[in-house]
Amino acid sequence: MKKLFELVWNCVGRSTSEREADPSGTADGAEIADTPAPKPPPDLPLFYMLSHLEKDGPVRLDGVKVGVCEVMGLEIDEPKLGSFAGALNALDFPVQLLIRQHQPRLGQLRRKLKYAQPANLTAQTEAASESLRRLLKELESRDGILDRRFYAVCEFPRVDELRGLLSRTGLSVHHLTGRQLKMFFVSTALGGSPSTMDEDLQVEVEMHRHHVRVGETLVRSLQLGKWPRSLSPGFLQGLMAAGAPMDLSIHLGAIPTDQAARTLEWQKVRFESAQSLSFKRGRSMSPEAEIALEDVTRLRDQVQRGRERLFHASLSVTLHAKDEKTLREMTQRAKAHFAATLGKLDNLSFRQREGLMSTLPLALNAVGVWRTLDTSSLMRIFPFSPPDMDTRSGTLYGIDMRACAPVVYDPWDGTHLNANTAVLARSGSGKSFSTKLGVLRGICRGVTAYVIDPEGEYADMARAAGGRVLSPGVPGQGMNPFVIDKGDSEEMLQRIGSLRRLIEVMVGEKLSADRRASLDHALAGYYSTPRKRTGFRDFYTYLQEDENGDPGLAHLLRPFATGSLRHLLSDEGDDLLGNEALVTVFDLRLLEPELRPAAAMVCTETVWAAAAQDPKPRLLVVDEVWSIMQHPEGAAFMVSMAKRARKHRLGLQFITQDVQDLLSEDTSRAITGHSGRALLQNAAFKLLLQQDAAAVGTVGDAFDLPEELQRWLLSCPRGDGLLLALGNRFPIRIEATPEETEVIEWRPGSHRKA
Ligand SMILES: Nc1ncnc2c1ncn2[C@@H]1O[C@H](COP(=O)(O)OP(=O)(O)OP(=O)(O)O)[C@@H](O)[C@H]1O
Ligand SMILES: [Mg+2]
């Protein structure tokens, strides 16, 4: 029995010089003098060729220290290929590129979710929350879901150079150190991606002719013996998409230019002499030989001009499986992939250890088979890969169908520009469904949610989740957006501005410049004097009593104070703010459609007041946002809200099916796409579900989507869509468990029963 962890653990954080200076093998010899002498070195170091692990890199048995960088995936395109070729041409030291794909471990995310779950969930919500954790567990072993990571390894003194080269090609590079490095090394040695490390784990290694058994895992290494004739861009992607857990390693070493030119010159001479020999014998040259001669001549010219270089390259694959049958299947799949491109994977009989070592992050091609490639071929095998959106924090939003990874993020974790999401899609495409799912998964981890619901679609769900449903306009359910926390003068100014816009939308007409100025003045005057409680009716009284003010203002606002709309606003705002429910739905169905925008703004403003008083992750969903955006003042209000939301950790989610209206450039209308676009610019996340044919062009232009994605958005099934975030596009499938569907499914006709 050998403890791999012992090897990795005990050595971390110790530099080579310390080890040399301290023959006892303990770092602080004097302090722990009475610890027993170290055990004889286990055989594992020999097996893995690893001397020990330092804080910033593993040290091989031959004393060479290497550095490991994690490289983030990049989408492949011609400019990126070009700049990668440039980096290759500048490379003058050996590099190992390592791609690891394994089933994701989501245990930590599950634990975090469980820990964050509020205690006061209803039984039904709790069941839904538990079912999400089950879904995450199921995803770990679901076919085709893989966690794919890229690494670049080189000898330690060149790490900075390597980082520089890769960053210049637009890749983000991160040097692995400390615990991350340890985790990484252990997972490459044992296979898989262990998220929890058992320090006492005993590992036994057993060598076989065609595989190695490491602990419970069967490991088989293969070597690319015959390379495909021509390499297409991203030719490794197909192999990786085959879905098998594997480690794939490419070792590269640049051949010095003069040597490369000499070799090519020699080859050219060889071909030419063969040619003249054939001519002498009265035969013409075979087409293959002619092409080869042309190729060699061209390549020699390119090498001499510095546009191409030659490299030694080698590719090995290590597969991991739980049993022999799976291992056999995976081997066949991998071999079939290369066979399709006329390449051939060799078995490495009796050389499994060398194969395995070549795929460890040791910058060591232990198999020792090399093939010569030029820059253009090599740049094509660069493991460009779809980036994924699996940040392991927050909650599950869907499955990334291209990167085959879960989409997991937390809009409130502070790493995003804001926590806002825009959902744009045609009617019936699942906008409300995905939003309700987001609300439900949010409340299951303590994100308080508010929904402005013009159609009464969310009420059932809120009741099922133990939340409350308010109907603004109904007696006793009024709201008080006029509460202002007077602490911050800038906040105060902004709130006065949004109250002014709210009043403009409330009165339903554009105020003259004069009147607008008096309103502004009145609001400022009202808030400048200390008051016990601020509220609409109080403000209304102030307007009436204000002798210097504009008497017309009070008149315009009369319906909200004493008329038919008197229940919309109240002076009792503390109720909503003081005891927040997990989810609150503002059901606007009972209001006249022309009053809904004002009501929606009242609700938004009230939630904002709550957020300003006690900032914490909150989600505010505004369904049918277009109804508010139609009014220039409403549009200005929403845009300013979207800009400010981040300040108080409020995440806005706007939903609209009127994509064209929102984005239209038609300047003849009162409101143009300008504010629609501004709203979108202030959403760090955009979810595009199925689009209709009339709108897809506008969407495509607005988000710069290629034709094929636009076509896909026309026909994708309900629940599928495109998530735009962090500058990338993720094709996403939104999947709810049966328990979650139960909570969120809106049943027509049933929303009045409670
Ligand atoms: N991801 C999904 N998984 C399963 N079913 C879904 C999914 N998305 C939508 N559906 C189904 O489609 C129906 C319609 O979806 P939803 O009500 O969310 O559409 P919508 O885009 O909000 O439509 P509208 O514009 O009319 O409000 C839902 O009732 C649900 O049954
Ligand atoms: Mg809807």
# chains A, B, ... in the order shown; residues from 1 in each chain; ligands from 1
$ closest_atom_pairs --of "chain A" --to "ligand 2" --cutoff "9 Å" --atoms "only C-alpha atoms and all ligand atoms" --output "Markdown table"
| residue | atom | partner | partner_atom_place_in_ligand_line | distance |
| --- | --- | --- | --- | --- |
| A:Ser427 | CA | ligand 2 | 1 (Mg) | 7.0 |
| A:Gly428 | CA | ligand 2 | 1 (Mg) | 6.8 |
| A:Ser429 | CA | ligand 2 | 1 (Mg) | 8.4 |
| A:Gly430 | CA | ligand 2 | 1 (Mg) | 7.0 |
| A:Lys431 | CA | ligand 2 | 1 (Mg) | 5.5 |
| A:Ser432 | CA | ligand 2 | 1 (Mg) | 4.1 |
| A:Phe433 | CA | ligand 2 | 1 (Mg) | 7.3 |
| A:Thr435 | CA | ligand 2 | 1 (Mg) | 8.9 |
| A:Glu455 | CA | ligand 2 | 1 (Mg) | 7.9 |
| A:Glu457 | CA | ligand 2 | 1 (Mg) | 6.9 |
| A:Asp623 | CA | ligand 2 | 1 (Mg) | 7.3 |
| A:Glu624 | CA | ligand 2 | 1 (Mg) | 8.0 |
| A:Ile655 | CA | ligand 2 | 1 (Mg) | 8.2 |
| A:Thr656 | CA | ligand 2 | 1 (Mg) | 8.5 |
| A:Gln657 | CA | ligand 2 | 1 (Mg) | 8.5 |
$ write_last_selection --atoms "N, CA and C atoms" --output "mmCIF file, in the first residue's frame"
data_model
loop_
_atom_site.group_PDB
_atom_site.id
_atom_site.type_symbol
_atom_site.label_atom_id
_atom_site.label_comp_id
_atom_site.auth_asym_id
_atom_site.auth_seq_id
_atom_site.Cartn_x
_atom_site.Cartn_y
_atom_site.Cartn_z
ATOM 1 N N SER A 427 -43.838 34.517 -27.845
ATOM 2 C CA SER A 427 -44.858 34.040 -26.919
ATOM 3 C C SER A 427 -44.869 32.510 -26.859
ATOM 4 N N GLY A 428 -44.993 31.992 -25.664
ATOM 5 C CA GLY A 428 -45.100 30.551 -25.501
ATOM 6 C C GLY A 428 -43.785 29.804 -25.568
ATOM 7 N N SER A 429 -42.666 30.528 -25.553
ATOM 8 C CA SER A 429 -41.381 29.847 -25.709
ATOM 9 C C SER A 429 -40.783 29.408 -24.382
ATOM 10 N N GLY A 430 -41.448 29.757 -23.295
ATOM 11 C CA GLY A 430 -40.935 29.334 -21.998
ATOM 12 C C GLY A 430 -40.287 30.452 -21.201
ATOM 13 N N LYS A 431 -40.624 31.697 -21.505
ATOM 14 C CA LYS A 431 -40.037 32.822 -20.770
ATOM 15 C C LYS A 431 -40.457 32.767 -19.308
ATOM 16 N N SER A 432 -41.777 32.647 -19.108
ATOM 17 C CA SER A 432 -42.250 32.649 -17.721
ATOM 18 C C SER A 432 -41.792 31.394 -17.000
ATOM 19 N N PHE A 433 -41.779 30.278 -17.737
ATOM 20 C CA PHE A 433 -41.369 29.020 -17.111
ATOM 21 C C PHE A 433 -39.936 29.128 -16.600
ATOM 22 N N THR A 435 -38.261 31.773 -15.967
ATOM 23 C CA THR A 435 -38.147 32.785 -14.917
ATOM 24 C C THR A 435 -38.637 32.224 -13.587
ATOM 25 N N GLU A 455 -50.092 39.464 -15.937
ATOM 26 C CA GLU A 455 -51.062 38.480 -16.385
ATOM 27 C C GLU A 455 -51.517 37.535 -15.284
ATOM 28 N N GLU A 457 -49.676 35.305 -13.848
ATOM 29 C CA GLU A 457 -49.118 33.986 -14.151
ATOM 30 C C GLU A 457 -48.318 33.404 -12.998
ATOM 31 N N ASP A 623 -42.252 41.287 -15.712
ATOM 32 C CA ASP A 623 -42.742 40.607 -16.910
ATOM 33 C C ASP A 623 -43.405 41.650 -17.808
ATOM 34 N N GLU A 624 -43.396 41.396 -19.085
ATOM 35 C CA GLU A 624 -43.958 42.336 -20.079
ATOM 36 C C GLU A 624 -43.397 43.741 -19.864
ATOM 37 N N ILE A 655 -38.594 40.774 -18.818
ATOM 38 C CA ILE A 655 -39.061 39.792 -19.784
ATOM 39 C C ILE A 655 -39.861 40.514 -20.841
ATOM 40 N N THR A 656 -39.622 40.190 -22.086
ATOM 41 C CA THR A 656 -40.505 40.760 -23.101
ATOM 42 C C THR A 656 -40.597 39.861 -24.312
ATOM 43 N N GLN A 657 -41.761 39.847 -24.923
ATOM 44 C CA GLN A 657 -41.881 39.143 -26.196
ATOM 45 C C GLN A 657 -41.906 40.148 -27.342
#
$ residues_around --residues "A:Val71" --least-positions-apart "5" --cutoff "6 Å" --atoms "only C-alpha atoms" --output "PyMOL selection string"
chain A and resi 150-151+172-173
$ write_last_selection --atoms "N, CA, C and O atoms" --output "PDB file, in the first residue's frame"
ATOM      1  N   PHE A 150      -8.249  22.943 -19.502  1.00  0.00           N
ATOM      2  CA  PHE A 150      -7.028  22.981 -20.310  1.00  0.00           C
ATOM      3  C   PHE A 150      -5.866  23.465 -19.468  1.00  0.00           C
ATOM      4  O   PHE A 150      -6.023  24.358 -18.650  1.00  0.00           O
ATOM      5  N   TYR A 151      -4.717  22.857 -19.738  1.00  0.00           N
ATOM      6  CA  TYR A 151      -3.524  23.259 -18.993  1.00  0.00           C
ATOM      7  C   TYR A 151      -2.343  23.341 -19.946  1.00  0.00           C
ATOM      8  O   TYR A 151      -2.312  22.655 -20.963  1.00  0.00           O
ATOM      9  N   SER A 172      -6.967  33.388 -21.340  1.00  0.00           N
ATOM     10  CA  SER A 172      -6.644  33.795 -19.982  1.00  0.00           C
ATOM     11  C   SER A 172      -5.971  32.627 -19.275  1.00  0.00           C
ATOM     12  O   SER A 172      -6.396  31.485 -19.372  1.00  0.00           O
ATOM     13  N   VAL A 173      -4.889  32.940 -18.612  1.00  0.00           N
ATOM     14  CA  VAL A 173      -3.985  31.920 -18.092  1.00  0.00           C
ATOM     15  C   VAL A 173      -3.825  32.118 -16.588  1.00  0.00           C
ATOM     16  O   VAL A 173      -3.719  33.246 -16.124  1.00  0.00           O
TER      17      VAL A 173
END
$ select_by_dssp --residues "stretch 249-462 of chain A" --states "strand (DSSP E)" --output "CSV table (one decimal) with N, CA, C and O atoms, in the first residue's frame"
chain,number,residue,atom,x,y,z
A,249,SER,N,-2.8,14.6,-23.9
A,249,SER,CA,-1.6,15.4,-23.8
A,249,SER,C,-0.9,15.6,-25.1
A,249,SER,O,-0.7,14.6,-25.8
A,250,ILE,N,-0.5,16.8,-25.4
A,250,ILE,CA,0.3,17.0,-26.6
A,250,ILE,C,1.6,17.6,-26.1
A,250,ILE,O,1.7,18.7,-25.5
A,251,HIS,N,2.7,17.0,-26.5
A,251,HIS,CA,4.0,17.5,-26.2
A,251,HIS,C,4.6,18.2,-27.4
A,251,HIS,O,4.5,17.6,-28.5
A,252,LEU,N,5.2,19.3,-27.3
A,252,LEU,CA,5.7,20.1,-28.4
A,252,LEU,C,7.1,20.5,-28.1
A,252,LEU,O,7.4,20.9,-27.0
A,253,GLY,N,8.0,20.5,-29.1
A,253,GLY,CA,9.3,21.0,-28.9
A,253,GLY,C,9.7,21.7,-30.2
A,253,GLY,O,9.6,21.1,-31.3
A,254,ALA,N,10.0,23.0,-30.2
A,254,ALA,CA,10.4,23.6,-31.4
A,254,ALA,C,11.7,23.2,-32.0
A,254,ALA,O,12.7,23.0,-31.2
A,255,ILE,N,11.8,23.0,-33.3
A,255,ILE,CA,13.1,22.6,-33.9
A,255,ILE,C,13.8,24.0,-34.3
A,255,ILE,O,13.1,24.8,-34.9
A,310,LEU,N,9.2,24.3,-37.6
A,310,LEU,CA,8.9,22.9,-37.4
A,310,LEU,C,9.0,22.5,-36.0
A,310,LEU,O,9.7,23.1,-35.2
A,311,PHE,N,8.2,21.6,-35.6
A,311,PHE,CA,8.1,21.1,-34.2
A,311,PHE,C,8.2,19.6,-34.1
A,311,PHE,O,7.7,18.9,-35.0
A,312,HIS,N,8.7,19.1,-33.0
A,312,HIS,CA,8.5,17.7,-32.7
A,312,HIS,C,7.2,17.7,-31.9
A,312,HIS,O,7.0,18.6,-31.0
A,313,ALA,N,6.3,16.8,-32.2
A,313,ALA,CA,5.1,16.7,-31.5
A,313,ALA,C,4.7,15.3,-31.2
A,313,ALA,O,5.1,14.4,-31.9
A,314,SER,N,4.0,15.1,-30.1
A,314,SER,CA,3.5,13.8,-29.8
A,314,SER,C,2.2,13.9,-29.0
A,314,SER,O,2.0,14.9,-28.3
A,315,LEU,N,1.3,13.0,-29.3
A,315,LEU,CA,0.0,13.1,-28.7
A,315,LEU,C,-0.3,11.8,-28.0
A,315,LEU,O,-0.2,10.7,-28.6
A,316,SER,N,-0.7,11.8,-26.7
A,316,SER,CA,-1.1,10.6,-26.0
A,316,SER,C,-2.4,10.9,-25.3
A,316,SER,O,-2.7,12.0,-24.9
A,317,VAL,N,-3.1,9.8,-25.1
A,317,VAL,CA,-4.5,9.9,-24.5
A,317,VAL,C,-4.5,8.9,-23.4
A,317,VAL,O,-4.0,7.8,-23.5
A,318,THR,N,-5.0,9.3,-22.2
A,318,THR,CA,-5.2,8.3,-21.1
A,318,THR,C,-6.7,8.3,-20.8
A,318,THR,O,-7.3,9.3,-20.6
A,319,LEU,N,-7.2,7.1,-20.8
A,319,LEU,CA,-8.7,6.9,-20.6
A,319,LEU,C,-8.8,6.3,-19.2
A,319,LEU,O,-8.0,5.5,-18.7
A,320,HIS,N,-9.9,6.7,-18.5
A,320,HIS,CA,-10.2,6.2,-17.2
A,320,HIS,C,-11.5,5.5,-17.2
A,320,HIS,O,-12.5,6.1,-17.7
A,321,ALA,N,-11.6,4.4,-16.6
A,321,ALA,CA,-12.9,3.7,-16.5
A,321,ALA,C,-13.0,2.9,-15.2
A,321,ALA,O,-12.0,2.6,-14.6
A,344,LYS,N,-4.0,6.8,-36.5
A,344,LYS,CA,-4.1,5.5,-35.8
A,344,LYS,C,-3.6,5.7,-34.4
A,344,LYS,O,-2.5,6.2,-34.1
A,345,LEU,N,-4.4,5.2,-33.4
A,345,LEU,CA,-3.9,5.2,-32.0
A,345,LEU,C,-3.3,3.9,-31.7
A,345,LEU,O,-3.9,2.8,-32.0
A,346,ASP,N,-2.1,3.9,-31.1
A,346,ASP,CA,-1.4,2.7,-30.8
A,346,ASP,C,-1.7,2.3,-29.4
A,346,ASP,O,-1.9,3.1,-28.5
A,371,ARG,N,6.8,13.2,-33.9
A,371,ARG,CA,6.5,13.3,-35.3
A,371,ARG,C,6.7,14.8,-35.6
A,371,ARG,O,6.6,15.7,-34.7
A,372,THR,N,7.2,15.1,-36.8
A,372,THR,CA,7.5,16.5,-37.1
A,372,THR,C,6.3,17.2,-37.7
A,372,THR,O,5.7,16.6,-38.6
A,373,LEU,N,5.9,18.3,-37.2
A,373,LEU,CA,4.8,19.0,-37.7
A,373,LEU,C,5.2,20.5,-37.9
A,373,LEU,O,6.0,21.0,-37.2
A,374,ASP,N,4.5,21.2,-38.9
A,374,ASP,CA,4.8,22.6,-39.0
A,374,ASP,C,3.7,23.4,-38.3
A,374,ASP,O,2.7,22.9,-37.8
A,395,THR,N,-26.4,28.7,-8.5
A,395,THR,CA,-27.3,27.6,-8.7
A,395,THR,C,-27.3,27.2,-10.1
A,395,THR,O,-26.7,27.8,-11.0
A,396,LEU,N,-28.0,26.1,-10.4
A,396,LEU,CA,-28.0,25.6,-11.8
A,396,LEU,C,-29.0,26.4,-12.6
A,396,LEU,O,-30.2,26.6,-12.2
A,397,TYR,N,-28.6,26.8,-13.8
A,397,TYR,CA,-29.5,27.5,-14.7
A,397,TYR,C,-29.9,26.7,-15.9
A,397,TYR,O,-30.9,26.9,-16.5
A,398,GLY,N,-29.1,25.7,-16.2
A,398,GLY,CA,-29.4,24.8,-17.3
A,398,GLY,C,-28.2,24.0,-17.7
A,398,GLY,O,-27.2,23.9,-17.0
A,399,ILE,N,-28.4,23.4,-18.9
A,399,ILE,CA,-27.3,22.5,-19.3
A,399,ILE,C,-26.7,23.2,-20.6
A,399,ILE,O,-27.5,23.5,-21.5
A,400,ASP,N,-25.4,23.4,-20.7
A,400,ASP,CA,-24.8,23.9,-21.8
A,400,ASP,C,-24.7,22.8,-22.9
A,400,ASP,O,-23.9,21.9,-22.6
A,405,ALA,N,-21.7,20.9,-20.4
A,405,ALA,CA,-21.4,21.2,-19.0
A,405,ALA,C,-22.7,21.9,-18.3
A,405,ALA,O,-23.5,22.5,-19.0
A,406,PRO,N,-22.8,21.7,-17.0
A,406,PRO,CA,-23.9,22.4,-16.4
A,406,PRO,C,-23.6,24.0,-16.4
A,406,PRO,O,-22.5,24.4,-16.4
A,407,VAL,N,-24.7,24.7,-16.5
A,407,VAL,CA,-24.5,26.2,-16.5
A,407,VAL,C,-24.8,26.6,-15.0
A,407,VAL,O,-26.0,26.5,-14.6
A,408,VAL,N,-23.8,26.9,-14.3
A,408,VAL,CA,-24.0,27.2,-12.9
A,408,VAL,C,-23.3,28.6,-12.6
A,408,VAL,O,-22.2,28.8,-12.9
A,409,TYR,N,-24.1,29.5,-12.1
A,409,TYR,CA,-23.5,30.8,-11.8
A,409,TYR,C,-24.3,31.5,-10.7
A,409,TYR,O,-25.4,31.1,-10.4
A,421,THR,N,-30.9,40.4,-15.7
A,421,THR,CA,-31.1,39.4,-16.8
A,421,THR,C,-32.2,39.9,-17.7
A,421,THR,O,-33.2,40.4,-17.2
A,422,ALA,N,-32.0,39.9,-19.0
A,422,ALA,CA,-33.0,40.2,-19.9
A,422,ALA,C,-33.5,38.9,-20.6
A,422,ALA,O,-32.6,38.1,-21.1
A,423,VAL,N,-34.8,38.7,-20.6
A,423,VAL,CA,-35.3,37.5,-21.3
A,423,VAL,C,-36.1,37.9,-22.5
A,423,VAL,O,-37.1,38.6,-22.4
A,424,LEU,N,-35.6,37.5,-23.7
A,424,LEU,CA,-36.3,38.0,-24.9
A,424,LEU,C,-36.7,36.7,-25.7
A,424,LEU,O,-35.9,35.9,-26.0
A,448,THR,N,-34.4,36.5,-2.0
A,448,THR,CA,-35.8,37.0,-2.0
A,448,THR,C,-36.2,37.5,-3.3
A,448,THR,O,-35.5,38.2,-4.0
A,449,ALA,N,-37.4,37.1,-3.7
A,449,ALA,CA,-37.9,37.5,-5.1
A,449,ALA,C,-39.1,38.3,-5.1
A,449,ALA,O,-40.0,38.1,-4.2
A,450,TYR,N,-39.2,39.2,-6.0
A,450,TYR,CA,-40.4,40.0,-6.3
A,450,TYR,C,-40.8,39.8,-7.7
A,450,TYR,O,-39.9,39.8,-8.6
A,451,VAL,N,-42.1,39.7,-8.0
A,451,VAL,CA,-42.4,39.6,-9.4
A,451,VAL,C,-43.5,40.6,-9.7
A,451,VAL,O,-44.6,40.6,-9.0
A,452,ILE,N,-43.3,41.4,-10.8
A,452,ILE,CA,-44.4,42.2,-11.2
A,452,ILE,C,-45.1,41.5,-12.4
A,452,ILE,O,-44.5,41.2,-13.4
A,453,ASP,N,-46.3,41.1,-12.2
A,453,ASP,CA,-47.0,40.1,-13.0
A,453,ASP,C,-48.3,40.7,-13.6
A,453,ASP,O,-49.3,40.6,-13.0
$ residues_around --residues "A:Gly170" --least-positions-apart "2" --cutoff "9 Å" --atoms "only C-alpha atoms" --output "list in words"
Leu74, Lys80, Ser83, Phe84, Leu166, Ser167, Arg168 and Ser172 of chain A
$ atom_distance --atom1 "atom CA of A:Ser349" --atom2 "atom CA of A:Lys335"
15.3 Å
$ closest_residue --among "A:Leu680, A:Glu324, A:Leu722, A:Leu264" --to "A:Gln302" --atoms "only C-alpha atoms"
A:Leu264
$ residues_around --residues "stretch 135-137 of chain A" --least-positions-apart "4" --cutoff "12 Å" --atoms "only C-alpha atoms" --output "VMD selection string"
chain A and resid 103 to 111 113 128 to 131 141 to 142 145 392 395 to 399 405 to 408 735 to 740
$ residues_around --residues "A:Leu688" --least-positions-apart "4" --cutoff "12 Å" --atoms "only C-alpha atoms" --output "JSON, numbers by chain"
{"A": [421, 422, 423, 424, 425, 426, 429, 430, 431, 434, 654, 655, 656, 657, 659, 680, 692, 695, 696, 699, 700, 702, 703, 705, 709, 710, 712, 713, 714, 716, 718, 719, 720, 721, 722, 723, 724, 725, 729, 730, 731, 732, 733, 734]}
$ select_by_dssp --residues "stretch 104-326 of chain A" --states "alpha helix (DSSP H)" --output "PyMOL selection string"
chain A and resi 107-116+123-140+159-168+178-190+235-241+257-280+287-305+324-326
$ closest_residue --among "A:Leu569, A:Val68, A:Val743, A:Ala189" --to "ligand 1" --atoms "only C-alpha atoms and all ligand atoms"
A:Val743
$ atom_distance --atom1 "atom CA of A:Thr698" --atom2 "atom 23 (O, counted along the ligand's line) of ligand 1"
19.6 Å
$ residues_around --residues "A:Ala645" --least-positions-apart "4" --cutoff "10 Å" --atoms "only C-alpha atoms" --output "JSON, numbers by chain"
{"A": [418, 419, 420, 608, 611, 612, 618, 620, 639, 640, 641, 649, 650, 651, 652, 682]}
